[in-house]
Amino acid sequence: MDWMRHPDVIQAAKILREGGVVAVPTESVWGLSCDANNETAVRRLLTIKCRPESKGLILITDQIERLQPILETLPARTRLLIESSTVKHPVTCLVSHNGKVPKVILGDNKKVAVRVIKHPPARALCDHFGGLLVSTSANPNGQPPAKSNTEVRKYFSGLIDFFSPGGAGCAHNVSQIIDVASGDVIRPR
């Protein structure tokens, strides 16, 4: 499948640019995404999911260079960890944000969680969108994450603006979370 040319991926990116919330398959589960720079969209996503703002959110992108405004400097070790994510073993990194990430994304956290996504449908969506997207599992707070389009629709039909095409990837677990500065694994595979 050529995800870069898929009309529904192009449509989903348009909806994101207009402030919408979309469901998108990631490496292991379905996620909900919105424009990370649109505070209204982020707050709407949190409301739809019944997720407390205090938890914070993950930012995803298709290329590490899109993180440059947040990271300012990108030491080799940081770059290697961020780029270590694969389709089978997704890795999310906690990094310093240099005061450039809004509180609604950070929650009560001092660092921001970022991932260069490798799953083709989500990667194509990030490319077409051209910026940073919020990514959080597609489930109401406290419920199991959706692993199929059908499950996402059961949770959120009528509440979100679009369901991206594709299916969740082959990773068995949600992304591992690593604090880049300390090397500590915050959430194992």
# chains A, B, ... in the order shown; residues from 1 in each chain; ligands from 1
$ closest_atom_pairs --of "region 108-148 of chain A" --to "region 157-170 of chain A" --cutoff "12 Å" --atoms "only C-alpha atoms" --output "CSV"
residue,atom,partner,partner_atom,distance
A:Ile117,CA,A:Gly169,CA,11.3
A:Lys118,CA,A:Gly169,CA,9.6
A:His119,CA,A:Gly169,CA,6.5
A:Pro120,CA,A:Gly169,CA,8.8
A:Pro121,CA,A:Gly166,CA,6.2
A:Ala122,CA,A:Ser164,CA,8.6
A:Arg123,CA,A:Gly166,CA,11.6
A:Ala124,CA,A:Ser164,CA,10.7
A:Leu125,CA,A:Ser164,CA,8.6
A:Cys126,CA,A:Ser164,CA,11.8
A:Ser137,CA,A:Ala168,CA,11.3
A:Ala138,CA,A:Ile160,CA,10.7
A:Asn139,CA,A:Ser157,CA,11.8
A:Pro140,CA,A:Leu159,CA,11.5
A:Pro145,CA,A:Ala168,CA,11.1
A:Ala146,CA,A:Ala168,CA,9.2
A:Lys147,CA,A:Ala168,CA,6.4
A:Ser148,CA,A:Gly167,CA,6.5
$ write_last_selection --atoms "N, CA and C atoms" --output "PDB file, in the first residue's frame"
ATOM      1  N   ILE A 117       7.836   8.287  14.633  1.00  0.00           N
ATOM      2  CA  ILE A 117       6.992   7.118  14.368  1.00  0.00           C
ATOM      3  C   ILE A 117       7.445   6.409  13.100  1.00  0.00           C
ATOM      4  N   LYS A 118       7.399   5.091  13.137  1.00  0.00           N
ATOM      5  CA  LYS A 118       7.860   4.295  11.994  1.00  0.00           C
ATOM      6  C   LYS A 118       6.725   3.529  11.308  1.00  0.00           C
ATOM      7  N   HIS A 119       5.559   3.455  11.937  1.00  0.00           N
ATOM      8  CA  HIS A 119       4.442   2.716  11.348  1.00  0.00           C
ATOM      9  C   HIS A 119       3.954   3.464  10.100  1.00  0.00           C
ATOM     10  N   PRO A 120       3.951   2.820   8.921  1.00  0.00           N
ATOM     11  CA  PRO A 120       3.707   3.529   7.665  1.00  0.00           C
ATOM     12  C   PRO A 120       2.451   4.412   7.599  1.00  0.00           C
ATOM     13  N   PRO A 121       1.257   3.978   8.043  1.00  0.00           N
ATOM     14  CA  PRO A 121       0.109   4.889   7.932  1.00  0.00           C
ATOM     15  C   PRO A 121       0.273   6.152   8.791  1.00  0.00           C
ATOM     16  N   ALA A 122       0.762   5.994  10.008  1.00  0.00           N
ATOM     17  CA  ALA A 122       0.955   7.147  10.893  1.00  0.00           C
ATOM     18  C   ALA A 122       2.099   8.028  10.392  1.00  0.00           C
ATOM     19  N   ARG A 123       3.127   7.401   9.871  1.00  0.00           N
ATOM     20  CA  ARG A 123       4.274   8.143   9.331  1.00  0.00           C
ATOM     21  C   ARG A 123       3.836   8.998   8.139  1.00  0.00           C
ATOM     22  N   ALA A 124       3.024   8.426   7.265  1.00  0.00           N
ATOM     23  CA  ALA A 124       2.514   9.173   6.104  1.00  0.00           C
ATOM     24  C   ALA A 124       1.627  10.332   6.565  1.00  0.00           C
ATOM     25  N   LEU A 125       0.820  10.097   7.587  1.00  0.00           N
ATOM     26  CA  LEU A 125      -0.034  11.163   8.109  1.00  0.00           C
ATOM     27  C   LEU A 125       0.829  12.302   8.659  1.00  0.00           C
ATOM     28  N   CYS A 126       1.861  11.972   9.423  1.00  0.00           N
ATOM     29  CA  CYS A 126       2.766  12.999   9.951  1.00  0.00           C
ATOM     30  C   CYS A 126       3.423  13.778   8.812  1.00  0.00           C
ATOM     31  N   SER A 137      -3.220   6.880  23.242  1.00  0.00           N
ATOM     32  CA  SER A 137      -3.971   5.671  22.881  1.00  0.00           C
ATOM     33  C   SER A 137      -5.450   5.980  22.731  1.00  0.00           C
ATOM     34  N   ALA A 138      -6.072   5.304  21.771  1.00  0.00           N
ATOM     35  CA  ALA A 138      -7.490   5.515  21.467  1.00  0.00           C
ATOM     36  C   ALA A 138      -8.342   4.663  22.405  1.00  0.00           C
ATOM     37  N   ASN A 139      -8.613   5.242  23.552  1.00  0.00           N
ATOM     38  CA  ASN A 139      -9.481   4.598  24.538  1.00  0.00           C
ATOM     39  C   ASN A 139      -9.917   5.656  25.545  1.00  0.00           C
ATOM     40  N   PRO A 140     -11.134   5.520  26.041  1.00  0.00           N
ATOM     41  CA  PRO A 140     -11.507   6.397  27.142  1.00  0.00           C
ATOM     42  C   PRO A 140     -10.614   6.066  28.338  1.00  0.00           C
ATOM     43  N   PRO A 145      -6.745   0.020  25.418  1.00  0.00           N
ATOM     44  CA  PRO A 145      -6.529   0.693  24.137  1.00  0.00           C
ATOM     45  C   PRO A 145      -7.154  -0.086  22.982  1.00  0.00           C
ATOM     46  N   ALA A 146      -7.689   0.649  22.028  1.00  0.00           N
ATOM     47  CA  ALA A 146      -8.283   0.026  20.840  1.00  0.00           C
ATOM     48  C   ALA A 146      -7.185  -0.561  19.968  1.00  0.00           C
ATOM     49  N   LYS A 147      -7.390  -1.804  19.528  1.00  0.00           N
ATOM     50  CA  LYS A 147      -6.420  -2.459  18.660  1.00  0.00           C
ATOM     51  C   LYS A 147      -6.939  -2.618  17.236  1.00  0.00           C
ATOM     52  N   SER A 148      -8.164  -2.157  16.998  1.00  0.00           N
ATOM     53  CA  SER A 148      -8.733  -2.245  15.657  1.00  0.00           C
ATOM     54  C   SER A 148      -9.594  -1.015  15.387  1.00  0.00           C
TER      55      SER A 148
END
$ residues_around --residues "region 78-81 of chain A" --least-positions-apart "6" --cutoff "9 Å" --atoms "only C-alpha atoms" --output "MDAnalysis selection string"
chainID A and resid 64 91:93 95 178 180:181
$ closest_atom_pairs --of "region 65-119 of chain A" --to "region 33-36 of chain A" --cutoff "12 Å" --atoms "only C-alpha atoms" --output "JSON lines"
{"residue": "A:Leu67", "atom": "CA", "partner": "A:Ala36", "partner_atom": "CA", "distance": 11.8}
{"residue": "A:Ile70", "atom": "CA", "partner": "A:Ala36", "partner_atom": "CA", "distance": 11.9}
{"residue": "A:Lys100", "atom": "CA", "partner": "A:Ala36", "partner_atom": "CA", "distance": 11.7}
{"residue": "A:Val101", "atom": "CA", "partner": "A:Ala36", "partner_atom": "CA", "distance": 9.0}
{"residue": "A:Pro102", "atom": "CA", "partner": "A:Ala36", "partner_atom": "CA", "distance": 9.0}
{"residue": "A:Lys103", "atom": "CA", "partner": "A:Ala36", "partner_atom": "CA", "distance": 11.3}
{"residue": "A:Val104", "atom": "CA", "partner": "A:Ala36", "partner_atom": "CA", "distance": 9.4}
{"residue": "A:Ile105", "atom": "CA", "partner": "A:Ala36", "partner_atom": "CA", "distance": 7.5}
{"residue": "A:Leu106", "atom": "CA", "partner": "A:Ala36", "partner_atom": "CA", "distance": 11.0}
{"residue": "A:Val112", "atom": "CA", "partner": "A:Ala36", "partner_atom": "CA", "distance": 11.8}
{"residue": "A:Val114", "atom": "CA", "partner": "A:Ala36", "partner_atom": "CA", "distance": 11.5}
$ select_by_dssp --residues "region 108-167 of chain A" --states "helix (DSSP H, G or I)" --output "number ranges by chain"
A: 120-129, 149-156
$ closest_residue --among "A:Pro25, A:Val9, A:Glu151, A:Ser85" --to "Arg189 (chain A)" --atoms "only C-alpha atoms"
A:Ser85
$ closest_residue --among "A:Asn98, A:Thr86, A:Ser54, A:Asn149" --to "Thr73 (chain A)" --atoms "only C-alpha atoms"
A:Asn98
$ closest_residue --among "A:Thr40, A:Thr26, A:Thr47, A:Gln68" --to "Val87 (chain A)" --atoms "only C-alpha atoms"
A:Thr26
$ closest_residue --among "A:Lys88, A:Lys55, A:Arg17, A:Arg153" --to "Lys110 (chain A)" --atoms "only C-alpha atoms"
A:Lys55
$ closest_residue --among "A:Ala23, A:Leu133, A:Asp127, A:Glu72" --to "Tyr155 (chain A)" --atoms "only C-alpha atoms"
A:Ala23
$ decode --residues "region 53-102 of chain A" --atoms "N, CA and C atoms" --output "mmCIF file, in the first residue's frame"
data_model
loop_
_atom_site.group_PDB
_atom_site.id
_atom_site.type_symbol
_atom_site.label_atom_id
_atom_site.label_comp_id
_atom_site.auth_asym_id
_atom_site.auth_seq_id
_atom_site.Cartn_x
_atom_site.Cartn_y
_atom_site.Cartn_z
ATOM 1 N N GLU A 53 -5.489 16.400 32.189
ATOM 2 C CA GLU A 53 -4.389 17.165 31.599
ATOM 3 C C GLU A 53 -3.078 16.891 32.329
ATOM 4 N N SER A 54 -3.134 16.547 33.588
ATOM 5 C CA SER A 54 -1.928 16.349 34.399
ATOM 6 C C SER A 54 -1.031 15.220 33.880
ATOM 7 N N LYS A 55 -1.594 14.266 33.126
ATOM 8 C CA LYS A 55 -0.805 13.121 32.642
ATOM 9 C C LYS A 55 0.174 13.481 31.533
ATOM 10 N N GLY A 56 -0.112 14.505 30.776
ATOM 11 C CA GLY A 56 0.755 14.850 29.651
ATOM 12 C C GLY A 56 0.475 13.967 28.441
ATOM 13 N N LEU A 57 1.069 14.324 27.318
ATOM 14 C CA LEU A 57 0.819 13.649 26.049
ATOM 15 C C LEU A 57 2.134 13.422 25.300
ATOM 16 N N ILE A 58 2.111 12.457 24.398
ATOM 17 C CA ILE A 58 3.262 12.155 23.542
ATOM 18 C C ILE A 58 3.131 12.960 22.251
ATOM 19 N N LEU A 59 4.265 13.442 21.754
ATOM 20 C CA LEU A 59 4.317 14.086 20.449
ATOM 21 C C LEU A 59 4.965 13.122 19.472
ATOM 22 N N ILE A 60 4.372 12.986 18.280
ATOM 23 C CA ILE A 60 4.949 12.134 17.242
ATOM 24 C C ILE A 60 5.251 12.962 15.997
ATOM 25 N N THR A 61 6.191 12.458 15.229
ATOM 26 C CA THR A 61 6.562 13.078 13.970
ATOM 27 C C THR A 61 7.168 12.012 13.064
ATOM 28 N N ASP A 62 7.309 12.340 11.801
ATOM 29 C CA ASP A 62 7.913 11.408 10.848
ATOM 30 C C ASP A 62 9.407 11.636 10.687
ATOM 31 N N GLN A 63 9.910 12.781 11.133
ATOM 32 C CA GLN A 63 11.338 13.056 10.992
ATOM 33 C C GLN A 63 11.851 13.872 12.178
ATOM 34 N N ILE A 64 13.003 13.500 12.635
ATOM 35 C CA ILE A 64 13.581 14.096 13.839
ATOM 36 C C ILE A 64 13.785 15.606 13.697
ATOM 37 N N GLU A 65 14.014 16.074 12.497
ATOM 38 C CA GLU A 65 14.244 17.504 12.284
ATOM 39 C C GLU A 65 13.048 18.357 12.709
ATOM 40 N N ARG A 66 11.855 17.792 12.691
ATOM 41 C CA ARG A 66 10.669 18.554 13.120
ATOM 42 C C ARG A 66 10.688 18.831 14.631
ATOM 43 N N LEU A 67 11.536 18.114 15.369
ATOM 44 C CA LEU A 67 11.671 18.330 16.812
ATOM 45 C C LEU A 67 12.646 19.459 17.142
ATOM 46 N N GLN A 68 13.393 19.922 16.151
ATOM 47 C CA GLN A 68 14.439 20.921 16.373
ATOM 48 C C GLN A 68 13.955 22.158 17.132
ATOM 49 N N PRO A 69 12.797 22.726 16.827
ATOM 50 C CA PRO A 69 12.369 23.910 17.584
ATOM 51 C C PRO A 69 12.216 23.646 19.091
ATOM 52 N N ILE A 70 11.873 22.428 19.455
ATOM 53 C CA ILE A 70 11.716 22.079 20.864
ATOM 54 C C ILE A 70 13.075 21.775 21.490
ATOM 55 N N LEU A 71 13.868 20.992 20.799
ATOM 56 C CA LEU A 71 15.110 20.486 21.376
ATOM 57 C C LEU A 71 16.279 21.452 21.270
ATOM 58 N N GLU A 72 16.228 22.377 20.329
ATOM 59 C CA GLU A 72 17.303 23.325 20.044
ATOM 60 C C GLU A 72 18.606 22.616 19.712
ATOM 61 N N THR A 73 19.206 21.938 20.670
ATOM 62 C CA THR A 73 20.418 21.177 20.379
ATOM 63 C C THR A 73 20.059 19.699 20.388
ATOM 64 N N LEU A 74 20.718 18.971 19.542
ATOM 65 C CA LEU A 74 20.417 17.550 19.422
ATOM 66 C C LEU A 74 21.713 16.755 19.549
ATOM 67 N N PRO A 75 22.156 16.513 20.802
ATOM 68 C CA PRO A 75 23.377 15.719 20.979
ATOM 69 C C PRO A 75 23.231 14.350 20.308
ATOM 70 N N ALA A 76 24.347 13.785 19.907
ATOM 71 C CA ALA A 76 24.344 12.506 19.185
ATOM 72 C C ALA A 76 23.608 11.423 19.959
ATOM 73 N N ARG A 77 23.806 11.343 21.283
ATOM 74 C CA ARG A 77 23.149 10.307 22.095
ATOM 75 C C ARG A 77 21.628 10.470 22.055
ATOM 76 N N THR A 78 21.172 11.710 22.146
ATOM 77 C CA THR A 78 19.732 11.989 22.093
ATOM 78 C C THR A 78 19.172 11.584 20.743
ATOM 79 N N ARG A 79 19.860 11.974 19.690
ATOM 80 C CA ARG A 79 19.422 11.640 18.337
ATOM 81 C C ARG A 79 19.334 10.121 18.157
ATOM 82 N N LEU A 80 20.348 9.391 18.612
ATOM 83 C CA LEU A 80 20.358 7.932 18.480
ATOM 84 C C LEU A 80 19.185 7.293 19.221
ATOM 85 N N LEU A 81 18.920 7.748 20.439
ATOM 86 C CA LEU A 81 17.801 7.180 21.194
ATOM 87 C C LEU A 81 16.467 7.478 20.512
ATOM 88 N N ILE A 82 16.275 8.717 20.097
ATOM 89 C CA ILE A 82 15.009 9.087 19.451
ATOM 90 C C ILE A 82 14.813 8.300 18.166
ATOM 91 N N GLU A 83 15.877 8.115 17.406
ATOM 92 C CA GLU A 83 15.763 7.404 16.133
ATOM 93 C C GLU A 83 15.795 5.884 16.295
ATOM 94 N N SER A 84 15.953 5.376 17.521
ATOM 95 C CA SER A 84 16.027 3.926 17.732
ATOM 96 C C SER A 84 14.671 3.237 17.633
ATOM 97 N N SER A 85 13.608 3.998 17.582
ATOM 98 C CA SER A 85 12.273 3.427 17.475
ATOM 99 C C SER A 85 12.127 2.641 16.176
ATOM 100 N N THR A 86 11.484 1.477 16.266
ATOM 101 C CA THR A 86 11.193 0.674 15.076
ATOM 102 C C THR A 86 9.722 0.299 15.096
ATOM 103 N N VAL A 87 9.257 -0.283 14.007
ATOM 104 C CA VAL A 87 7.857 -0.702 13.930
ATOM 105 C C VAL A 87 7.572 -1.778 14.984
ATOM 106 N N LYS A 88 8.515 -2.701 15.199
ATOM 107 C CA LYS A 88 8.293 -3.778 16.163
ATOM 108 C C LYS A 88 8.583 -3.359 17.601
ATOM 109 N N HIS A 89 9.451 -2.376 17.777
ATOM 110 C CA HIS A 89 9.850 -1.946 19.119
ATOM 111 C C HIS A 89 9.828 -0.416 19.197
ATOM 112 N N PRO A 90 8.634 0.169 19.314
ATOM 113 C CA PRO A 90 8.558 1.631 19.377
ATOM 114 C C PRO A 90 9.173 2.173 20.663
ATOM 115 N N VAL A 91 9.887 3.276 20.526
ATOM 116 C CA VAL A 91 10.542 3.921 21.657
ATOM 117 C C VAL A 91 10.119 5.381 21.706
ATOM 118 N N THR A 92 9.636 5.793 22.862
ATOM 119 C CA THR A 92 9.297 7.184 23.118
ATOM 120 C C THR A 92 10.340 7.717 24.082
ATOM 121 N N CYS A 93 10.849 8.913 23.805
ATOM 122 C CA CYS A 93 11.909 9.492 24.623
ATOM 123 C C CYS A 93 11.421 10.717 25.380
ATOM 124 N N LEU A 94 11.795 10.791 26.654
ATOM 125 C CA LEU A 94 11.538 11.981 27.453
ATOM 126 C C LEU A 94 12.742 12.893 27.291
ATOM 127 N N VAL A 95 12.492 14.121 26.842
ATOM 128 C CA VAL A 95 13.567 15.073 26.583
ATOM 129 C C VAL A 95 13.216 16.437 27.153
ATOM 130 N N SER A 96 14.234 17.236 27.377
ATOM 131 C CA SER A 96 14.039 18.618 27.800
ATOM 132 C C SER A 96 13.412 19.381 26.641
ATOM 133 N N HIS A 97 12.494 20.272 26.929
ATOM 134 C CA HIS A 97 11.765 20.985 25.879
ATOM 135 C C HIS A 97 12.134 22.454 25.793
ATOM 136 N N ASN A 98 13.068 22.895 26.647
ATOM 137 C CA ASN A 98 13.555 24.276 26.599
ATOM 138 C C ASN A 98 12.446 25.319 26.718
ATOM 139 N N GLY A 99 11.387 24.983 27.440
ATOM 140 C CA GLY A 99 10.291 25.932 27.651
ATOM 141 C C GLY A 99 9.446 26.192 26.426
ATOM 142 N N LYS A 100 9.528 25.319 25.431
ATOM 143 C CA LYS A 100 8.832 25.553 24.164
ATOM 144 C C LYS A 100 7.636 24.636 23.937
ATOM 145 N N VAL A 101 7.185 23.980 25.001
ATOM 146 C CA VAL A 101 6.027 23.085 24.871
ATOM 147 C C VAL A 101 4.960 23.575 25.852
ATOM 148 N N PRO A 102 3.727 23.740 25.378
ATOM 149 C CA PRO A 102 2.682 24.239 26.268
ATOM 150 C C PRO A 102 2.339 23.263 27.393
#
